[in-house]
Each structure stands twice: as C-alpha cells, then as structure tokens.
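Student: For reference, this is protein.pdb, and it has PDB, C-alpha atoms.
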```
ATOM      1  CA  MET A   1     -29.552 -22.675  -9.790
ATOM      2  CA  ASN A   2     -26.686 -20.315 -10.545
ATOM      3  CA  ASN A   3     -23.582 -19.738  -8.441
ATOM      4  CA  VAL A   4     -23.806 -15.948  -8.315
ATOM      5  CA  GLY A   5     -23.663 -14.673  -4.758
ATOM      6  CA  ILE A   6     -22.773 -17.987  -3.137
ATOM      7  CA  CYS A   7     -19.849 -16.374  -1.288
ATOM      8  CA  ASP A   8     -22.231 -13.762   0.099
ATOM      9  CA  GLU A   9     -24.602 -16.428   1.379
ATOM     10  CA  LYS A  10     -21.956 -18.414   3.250
ATOM     11  CA  LYS A  11     -20.850 -16.620   6.388
ATOM     12  CA  GLY A  12     -17.081 -16.580   6.787
ATOM     13  CA  SER A  13     -16.384 -17.963   3.333
ATOM     14  CA  GLU A  14     -13.226 -17.010   1.512
ATOM     15  CA  PRO A  15     -13.468 -14.256  -1.115
ATOM     16  CA  ASP A  16     -13.310 -15.418  -4.722
ATOM     17  CA  ARG A  17      -9.797 -15.996  -6.069
ATOM     18  CA  HIS A  18      -9.195 -15.064  -9.690
ATOM     19  CA  HIS A  19      -6.368 -15.856 -12.046
ATOM     20  CA  PRO A  20      -4.043 -12.852 -12.429
ATOM     21  CA  ASP A  21      -4.597 -12.819 -16.214
ATOM     22  CA  SER A  22      -8.349 -12.360 -15.761
ATOM     23  CA  ILE A  23      -7.766  -9.574 -13.226
ATOM     24  CA  ILE A  24      -5.384  -7.813 -15.604
ATOM     25  CA  GLY A  25      -8.056  -8.106 -18.309
ATOM     26  CA  GLU A  26     -10.613  -6.445 -16.041
ATOM     27  CA  MET A  27      -8.126  -3.732 -15.074
ATOM     28  CA  ARG A  28      -7.428  -3.121 -18.756
ATOM     29  CA  LYS A  29     -11.183  -2.704 -19.361
ATOM     30  CA  MET A  30     -11.223  -0.091 -16.591
ATOM     31  CA  GLY A  31      -8.568   1.900 -18.467
ATOM     32  CA  LEU A  32      -5.629   1.397 -16.130
ATOM     33  CA  PRO A  33      -2.282   2.278 -17.767
ATOM     34  CA  GLU A  34      -0.532  -0.486 -19.689
ATOM     35  CA  GLU A  35       2.833   0.147 -17.981
ATOM     36  CA  PHE A  36       1.181  -0.363 -14.591
ATOM     37  CA  LEU A  37      -0.451  -3.596 -15.824
ATOM     38  CA  ARG A  38       2.864  -4.865 -17.225
ATOM     39  CA  SER A  39       4.526  -4.166 -13.866
ATOM     40  CA  LEU A  40       1.844  -6.191 -12.127
ATOM     41  CA  MET A  41       2.359  -9.109 -14.500
ATOM     42  CA  ARG A  42       6.153  -9.002 -13.962
ATOM     43  CA  THR A  43       5.806  -9.157 -10.189
ATOM     44  CA  VAL A  44       2.651 -11.137  -9.420
ATOM     45  CA  SER A  45       4.280 -14.565  -9.620
ATOM     46  CA  ASP A  46       7.111 -13.569  -7.258
ATOM     47  CA  PHE A  47       5.177 -11.574  -4.665
ATOM     48  CA  GLU A  48       2.110 -13.117  -3.051
ATOM     49  CA  GLY A  49       1.038  -9.743  -1.662
ATOM     50  CA  ILE A  50       0.618  -8.369  -5.190
ATOM     51  CA  GLU A  51      -1.728 -11.210  -6.117
ATOM     52  CA  ASP A  52      -3.659 -10.743  -2.864
ATOM     53  CA  LEU A  53      -4.148  -7.041  -3.604
ATOM     54  CA  MET A  54      -5.178  -7.816  -7.177
ATOM     55  CA  ASN A  55      -7.821 -10.246  -5.874
ATOM     56  CA  LEU A  56      -8.965  -7.675  -3.334
ATOM     57  CA  TRP A  57      -9.435  -5.208  -6.206
ATOM     58  CA  MET A  58     -11.325  -7.762  -8.286
ATOM     59  CA  ASN A  59     -13.705  -8.619  -5.427
ATOM     60  CA  GLU A  60     -14.366  -4.977  -4.517
ATOM     61  CA  ASP A  61     -17.524  -3.273  -5.796
ATOM     62  CA  ASP A  62     -17.014   0.235  -4.407
ATOM     63  CA  PRO A  63     -15.053   2.412  -6.887
ATOM     64  CA  GLN A  64     -13.403   4.383  -4.062
ATOM     65  CA  ASP A  65     -12.226   1.197  -2.369
ATOM     66  CA  ARG A  66     -10.939  -0.072  -5.722
ATOM     67  CA  ASP A  67      -8.974   3.182  -6.116
ATOM     68  CA  GLU A  68      -7.432   2.637  -2.681
ATOM     69  CA  VAL A  69      -6.357  -0.867  -3.653
ATOM     70  CA  ILE A  70      -4.786   0.521  -6.846
ATOM     71  CA  ALA A  71      -2.900   3.085  -4.735
ATOM     72  CA  ASP A  72      -1.651   0.263  -2.497
ATOM     73  CA  LEU A  73      -0.615  -1.760  -5.561
ATOM     74  CA  ARG A  74       1.284   1.219  -7.001
ATOM     75  CA  GLU A  75       3.078   1.755  -3.703
ATOM     76  CA  SER A  76       3.995  -1.922  -3.468
ATOM     77  CA  LEU A  77       5.342  -1.900  -7.021
ATOM     78  CA  GLU A  78       7.404   1.215  -6.257
ATOM     79  CA  ASP A  79       8.914  -0.496  -3.228
ATOM     80  CA  ILE A  80       9.768  -3.574  -5.277
ATOM     81  CA  GLU A  81      11.257  -1.547  -8.123
ATOM     82  CA  GLU A  82      13.301   0.700  -5.806
ATOM     83  CA  ALA A  83      14.839  -2.160  -3.849
ATOM     84  CA  PRO A  84      18.540  -2.485  -4.659
ATOM     85  CA  ASN A  85      18.124  -6.269  -4.665
ATOM     86  CA  SER A  86      15.119  -8.491  -4.768
ATOM     87  CA  PRO A  87      13.434  -8.543  -1.347
ATOM     88  CA  ARG A  88      13.918 -12.293  -1.363
ATOM     89  CA  ALA A  89      17.682 -11.737  -1.473
ATOM     90  CA  ARG A  90      17.750  -9.313   1.470
ATOM     91  CA  PRO A  91      19.492 -10.591   4.560
ATOM     92  CA  TYR A  92      17.433 -11.505   7.574
ATOM     93  CA  LEU A  93      17.508  -8.746  10.179
ATOM     94  CA  PRO A  94      16.861 -10.047  13.674
ATOM     95  CA  PHE A  95      14.825  -7.770  15.921
ATOM     96  CA  ASP A  96      15.581  -8.510  19.541
ATOM     97  CA  ASN A  97      13.202  -6.000  21.074
ATOM     98  CA  LEU A  98      10.030  -5.579  19.056
ATOM     99  CA  GLU A  99       8.382  -3.478  21.770
ATOM    100  CA  GLU A 100      11.179  -0.893  21.540
ATOM    101  CA  ILE A 101      10.870  -0.809  17.765
ATOM    102  CA  ARG A 102       7.084  -0.359  18.003
ATOM    103  CA  LYS A 103       7.525   2.577  20.397
ATOM    104  CA  ASP A 104      10.144   4.196  18.136
ATOM    105  CA  ILE A 105       7.852   3.907  15.127
ATOM    106  CA  GLU A 106       4.882   5.294  17.059
ATOM    107  CA  GLU A 107       6.958   8.267  18.268
ATOM    108  CA  PHE A 108       8.167   8.907  14.742
ATOM    109  CA  LYS A 109       4.645   8.778  13.305
ATOM    110  CA  LYS A 110       3.287  10.982  16.107
ATOM    111  CA  ALA A 111       5.885  13.662  15.333
ATOM    112  CA  LEU A 112       5.158  13.401  11.613
ATOM    113  CA  ARG A 113       1.402  13.618  12.259
ATOM    114  CA  THR A 114       1.974  16.819  14.263
ATOM    115  CA  GLU A 115       3.790  18.276  11.263
ATOM    116  CA  VAL A 116       0.954  17.185   8.949
ATOM    117  CA  GLU A 117      -1.643  18.852  11.211
ATOM    118  CA  LYS A 118       0.354  22.108  11.173
ATOM    119  CA  ARG A 119       0.203  22.050   7.380
ATOM    120  CA  GLY A 120      -3.475  21.395   6.783
ATOM    121  CA  GLY A 121      -4.203  17.911   8.125
ATOM    122  CA  ILE A 122      -4.724  14.485   6.598
ATOM    123  CA  SER A 123      -7.256  15.587   3.960
ATOM    124  CA  GLU A 124      -4.895  18.246   2.643
ATOM    125  CA  LEU A 125      -2.009  15.765   2.683
ATOM    126  CA  ALA A 126      -4.144  13.301   0.698
ATOM    127  CA  ARG A 127      -4.857  16.000  -1.883
ATOM    128  CA  ARG A 128      -1.176  16.920  -2.188
ATOM    129  CA  THR A 129       0.210  13.378  -2.315
ATOM    130  CA  GLY A 130      -2.519  11.584  -4.244
ATOM    131  CA  ILE A 131      -2.591   8.954  -1.486
ATOM    132  CA  PRO A 132      -6.220   8.239  -0.496
ATOM    133  CA  GLN A 133      -7.186   9.765   2.849
ATOM    134  CA  PRO A 134      -8.211   6.378   4.357
ATOM    135  CA  SER A 135      -4.796   4.960   3.436
ATOM    136  CA  LEU A 136      -3.065   7.886   5.173
ATOM    137  CA  SER A 137      -5.280   7.463   8.226
ATOM    138  CA  ARG A 138      -4.341   3.756   8.383
ATOM    139  CA  PHE A 139      -0.674   4.720   7.929
ATOM    140  CA  PHE A 140      -0.741   7.029  10.953
ATOM    141  CA  ALA A 141      -2.871   4.685  13.095
ATOM    142  CA  SER A 142      -0.702   1.608  12.649
ATOM    143  CA  ALA A 143       2.589   0.753  14.310
ATOM    144  CA  SER A 144       3.949  -0.704  11.086
ATOM    145  CA  MET A 145       7.204   0.440   9.571
ATOM    146  CA  PRO A 146       6.630   3.285   7.129
ATOM    147  CA  ARG A 147       7.380   2.650   3.473
ATOM    148  CA  ARG A 148      10.126   4.764   2.000
ATOM    149  CA  THR A 149       7.991   5.748  -1.000
ATOM    150  CA  THR A 150       5.147   6.918   1.249
ATOM    151  CA  LEU A 151       7.521   9.035   3.306
ATOM    152  CA  TYR A 152       9.068  10.565   0.190
ATOM    153  CA  LYS A 153       5.618  11.539  -1.096
ATOM    154  CA  ILE A 154       4.776  13.082   2.277
ATOM    155  CA  ALA A 155       8.082  14.957   2.418
ATOM    156  CA  GLU A 156       7.545  16.341  -1.065
ATOM    157  CA  ALA A 157       3.956  17.366  -0.313
ATOM    158  CA  LEU A 158       5.009  19.147   2.882
ATOM    159  CA  ASN A 159       8.120  20.716   1.320
ATOM    160  CA  LEU A 160      10.337  18.936   3.821
ATOM    161  CA  PRO A 161      13.764  17.527   3.091
ATOM    162  CA  GLU A 162      13.491  13.748   2.837
ATOM    163  CA  THR A 163      16.103  13.408   5.569
ATOM    164  CA  SER A 164      13.831  15.203   8.040
ATOM    165  CA  ILE A 165      11.239  12.435   7.876
ATOM    166  CA  ALA A 166      13.530   9.450   7.486
ATOM    167  CA  SER A 167      13.358   6.937  10.289
ATOM    168  CA  LYS A 168      15.854   4.273  11.224
ATOM    169  CA  TRP A 169      12.992   1.826  10.630
ATOM    170  CA  THR A 170      12.049   3.149   7.200
ATOM    171  CA  ARG A 171      12.037   0.316   4.719
TER
END
```
Will you turn the file into structure tokens for me?
Tutor:
Amino acid sequence: MNNVGICDEKKGSEPDRHHPDSIIGEMRKMGLPEEFLRSLMRTVSDFEGIEDLMNLWMNEDDPQDRDEVIADLRESLEDIEEAPNSPRARPYLPFDNLEEIRKDIEEFKKALRTEVEKRGGISELARRTGIPQPSLSRFFASASMPRRTTLYKIAEALNLPETSIASKWTR
C-alpha cells in the first residue's frame, strides 16, 4: 500500500509539510526567478509565515491558486525588505481600543473601494496592479490593516498620490 493521498482520506488532517529546500527546488522547476527564490531562502528561517505560504504553495494543485500564493509571498518579502528594522526588533504597540481601530480601517477601505469602483472596479485594478483579483477582493473584505506595499501598488495603478491612500494604520 502506498501513502499517496492519505491526507485526502483523513478528514481534518493537517496538510503535508515540506522542507523549505524541497519547496525551493520545486519552485525552481516551475521557472520562478532565482532572486525571488534567494529572498525566500534568506527569510524562511526567520519568518514562520513565509514557510507557511511556501507549504501552501507546495500543497496547492490549482495553477491560479499557486499564482495567488506567489503574489502573497512576493508581498510579504517586500514588506520584510522595506522594514527599516527587522519586524522582530519593532517595539510593541499597545492597542487599547481594537473596535475603534477596526472601524477606522473599514471606513478607510470603504472609501478606497469607492475610488476603485469609479476607476473600473476590482478586475481592472487587478489588471493594473498585477495583484490577483481574489487577493484584492479579500483585501477589501477584511478588516485587517492594509500593507504599505499593497497600497502603493493601488495608488500607482489609480494615479493617486501615495499620501491620498495612506492610513494611520498602514503597516
């Protein structure tokens, strides 16, 4: 009996975990750029989220979903590389009123979404930014803090000054 498909047979089982080196090897076979792969290798041991995304990519069969994971990996790497200091060295910022922050972020995203709709909608924004449409839809549907790199791409695509879409919660 072979072990192929055992995860599929067990309901609720964890997805397969792969060693980062084997994932990089598979990504290399798929023709992903060497600089991107080197960036992953430099960061994977320090950032658990990078390894999680790499495993998500490895366990994904749908090419479109794999492309979305690559877009998320690129965005995460940009955030890490743009940080003035390592995120681990950033000071802790206490948030006393999370409900107020959530409302501020939702208002900000609602106003930005209105601007996006005036300029062609989510599909057109995806085409202009190179960010997959499902990722943009998740971005606008969530109450999470927007990533600086995502906002900069949106500003550029919409021909808006970056300051017009900056939020006090932009990270």
Student: I need the residue nearest Gln133 (chain A) from this list: A:Met30, A:Lys103, A:Ser164, A:Glu68. Use all atoms listed in the file for the distance.
Tutor: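 Closest to Gln133 (chain A), using all atoms listed in the file: A:Glu68.
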Student: Can you pull out the residues contacting Glu48 (chain A)? Cut-off 12 Å, using only C-alpha atoms, and skip same-chain residues under 6 positions away; I want them as a list in words.
Tutor: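 So the residues in contact are Pro20, Leu40, Met54, Asn55, Leu73, Ser76 and Arg88 of chain A.
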Student: Tell me, as a list in words, which residues lie within 12 Å of Pro33 (chain A), counting only C-alpha atoms; anything in the same chain fewer than 6 positions away does not count.
Tutor: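 Non-adjacent residues within range: Ile24, Gly25, Met27, Ser39, Leu40, Ile70 and Arg74 of chain A.
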Student: Between CA of Asn59 (chain A) and CA of Asp16 (chain A), what is the spacing in Å?
Tutor: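 Value for the CA of Asp16 (chain A)-CA of Asn59 (chain A) distance: 6.8 Å.
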Student: Set the distance at 12 Å and use all atoms listed in the file: which residues neighbour Phe139 (chain A) once local chain neighbours fewer than 4 positions away are removed? I'd like the list as a PDB file with C-alpha atoms, keeping the file's coordinate frame.
Tutor:
```pdb
ATOM      1  CA  ASP A  72      -1.651   0.263  -2.497  1.00  0.00           C
ATOM      2  CA  ILE A 105       7.852   3.907  15.127  1.00  0.00           C
ATOM      3  CA  GLU A 106       4.882   5.294  17.059  1.00  0.00           C
ATOM      4  CA  PHE A 108       8.167   8.907  14.742  1.00  0.00           C
ATOM      5  CA  LYS A 109       4.645   8.778  13.305  1.00  0.00           C
ATOM      6  CA  LYS A 110       3.287  10.982  16.107  1.00  0.00           C
ATOM      7  CA  LEU A 112       5.158  13.401  11.613  1.00  0.00           C
ATOM      8  CA  ARG A 113       1.402  13.618  12.259  1.00  0.00           C
ATOM      9  CA  ILE A 122      -4.724  14.485   6.598  1.00  0.00           C
ATOM     10  CA  ALA A 126      -4.144  13.301   0.698  1.00  0.00           C
ATOM     11  CA  ILE A 131      -2.591   8.954  -1.486  1.00  0.00           C
ATOM     12  CA  PRO A 132      -6.220   8.239  -0.496  1.00  0.00           C
ATOM     13  CA  GLN A 133      -7.186   9.765   2.849  1.00  0.00           C
ATOM     14  CA  PRO A 134      -8.211   6.378   4.357  1.00  0.00           C
ATOM     15  CA  SER A 135      -4.796   4.960   3.436  1.00  0.00           C
ATOM     16  CA  ALA A 143       2.589   0.753  14.310  1.00  0.00           C
ATOM     17  CA  SER A 144       3.949  -0.704  11.086  1.00  0.00           C
ATOM     18  CA  MET A 145       7.204   0.440   9.571  1.00  0.00           C
ATOM     19  CA  PRO A 146       6.630   3.285   7.129  1.00  0.00           C
ATOM     20  CA  ARG A 147       7.380   2.650   3.473  1.00  0.00           C
ATOM     21  CA  THR A 150       5.147   6.918   1.249  1.00  0.00           C
ATOM     22  CA  LEU A 151       7.521   9.035   3.306  1.00  0.00           C
ATOM     23  CA  ILE A 154       4.776  13.082   2.277  1.00  0.00           C
TER      24      ILE A 154
END
```
Student: Please indicate the distance in Å from CA of Leu37 (chain A) to CA of Glu75 (chain A), rounded to one decimal place.
Tutor: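 About the pair CA of Leu37 (chain A) and CA of Glu75 (chain A): they are 13.7 Å apart.
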Student: In Å, rounded to a single decimal, give me how far CA of Asp52 (chain A) is from CA of Asp21 (chain A).
Tutor: 13.5 Å
Student: Got a moment to write region 32-55 of chain A out with N, CA and C atoms, as an mmCIF file, in the first residue's frame?
Tutor:
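Produced file out.cif, reproduced below:
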```
data_model
loop_
_atom_site.group_PDB
_atom_site.id
_atom_site.type_symbol
_atom_site.label_atom_id
_atom_site.label_comp_id
_atom_site.auth_asym_id
_atom_site.auth_seq_id
_atom_site.Cartn_x
_atom_site.Cartn_y
_atom_site.Cartn_z
ATOM 1 N N LEU A 32 10.449 29.890 -11.472
ATOM 2 C CA LEU A 32 10.389 31.136 -10.706
ATOM 3 C C LEU A 32 11.779 31.775 -10.663
ATOM 4 N N PRO A 33 11.841 33.104 -10.653
ATOM 5 C CA PRO A 33 13.135 33.802 -10.712
ATOM 6 C C PRO A 33 14.053 33.474 -9.534
ATOM 7 N N GLU A 34 15.321 33.331 -9.847
ATOM 8 C CA GLU A 34 16.326 32.985 -8.830
ATOM 9 C C GLU A 34 16.385 34.019 -7.706
ATOM 10 N N GLU A 35 16.299 35.302 -8.029
ATOM 11 C CA GLU A 35 16.363 36.334 -6.981
ATOM 12 C C GLU A 35 15.220 36.163 -5.987
ATOM 13 N N PHE A 36 14.041 35.860 -6.490
ATOM 14 C CA PHE A 36 12.878 35.606 -5.639
ATOM 15 C C PHE A 36 13.154 34.400 -4.737
ATOM 16 N N LEU A 37 13.688 33.326 -5.318
ATOM 17 C CA LEU A 37 13.983 32.111 -4.544
ATOM 18 C C LEU A 37 15.057 32.367 -3.490
ATOM 19 N N ARG A 38 16.063 33.171 -3.828
ATOM 20 C CA ARG A 38 17.096 33.510 -2.836
ATOM 21 C C ARG A 38 16.494 34.322 -1.689
ATOM 22 N N SER A 39 15.579 35.231 -2.016
ATOM 23 C CA SER A 39 14.916 36.015 -0.964
ATOM 24 C C SER A 39 14.125 35.111 -0.025
ATOM 25 N N LEU A 40 13.449 34.130 -0.601
ATOM 26 C CA LEU A 40 12.714 33.185 0.242
ATOM 27 C C LEU A 40 13.658 32.450 1.182
ATOM 28 N N MET A 41 14.764 31.975 0.649
ATOM 29 C CA MET A 41 15.724 31.227 1.476
ATOM 30 C C MET A 41 16.322 32.093 2.587
ATOM 31 N N ARG A 42 16.532 33.396 2.299
ATOM 32 C CA ARG A 42 17.084 34.297 3.324
ATOM 33 C C ARG A 42 16.094 34.538 4.455
ATOM 34 N N THR A 43 14.813 34.474 4.163
ATOM 35 C CA THR A 43 13.816 34.865 5.163
ATOM 36 C C THR A 43 13.071 33.699 5.805
ATOM 37 N N VAL A 44 13.054 32.547 5.175
ATOM 38 C CA VAL A 44 12.181 31.464 5.646
ATOM 39 C C VAL A 44 12.489 31.027 7.073
ATOM 40 N N SER A 45 13.750 31.043 7.473
ATOM 41 C CA SER A 45 14.058 30.575 8.829
ATOM 42 C C SER A 45 13.689 31.597 9.903
ATOM 43 N N ASP A 46 13.524 32.861 9.524
ATOM 44 C CA ASP A 46 13.194 33.901 10.495
ATOM 45 C C ASP A 46 11.708 34.259 10.550
ATOM 46 N N PHE A 47 10.958 33.868 9.527
ATOM 47 C CA PHE A 47 9.562 34.278 9.441
ATOM 48 C C PHE A 47 8.688 33.064 9.152
ATOM 49 N N GLU A 48 7.978 32.613 10.165
ATOM 50 C CA GLU A 48 7.149 31.417 10.056
ATOM 51 C C GLU A 48 6.098 31.561 8.958
ATOM 52 N N GLY A 49 5.590 32.762 8.767
ATOM 53 C CA GLY A 49 4.565 32.988 7.747
ATOM 54 C C GLY A 49 5.067 32.693 6.346
ATOM 55 N N ILE A 50 6.351 32.939 6.090
ATOM 56 C CA ILE A 50 6.930 32.637 4.782
ATOM 57 C C ILE A 50 6.914 31.131 4.564
ATOM 58 N N GLU A 51 7.334 30.371 5.561
ATOM 59 C CA GLU A 51 7.330 28.913 5.423
ATOM 60 C C GLU A 51 5.900 28.389 5.258
ATOM 61 N N ASP A 52 4.954 28.962 5.980
ATOM 62 C CA ASP A 52 3.561 28.530 5.842
ATOM 63 C C ASP A 52 3.056 28.761 4.423
ATOM 64 N N LEU A 53 3.363 29.934 3.861
ATOM 65 C CA LEU A 53 2.945 30.219 2.487
ATOM 66 C C LEU A 53 3.633 29.297 1.489
ATOM 67 N N MET A 54 4.911 29.009 1.731
ATOM 68 C CA MET A 54 5.629 28.095 0.842
ATOM 69 C C MET A 54 4.980 26.709 0.868
ATOM 70 N N ASN A 55 4.590 26.230 2.048
ATOM 71 C CA ASN A 55 3.918 24.941 2.152
ATOM 72 C C ASN A 55 2.542 24.981 1.496
#
```
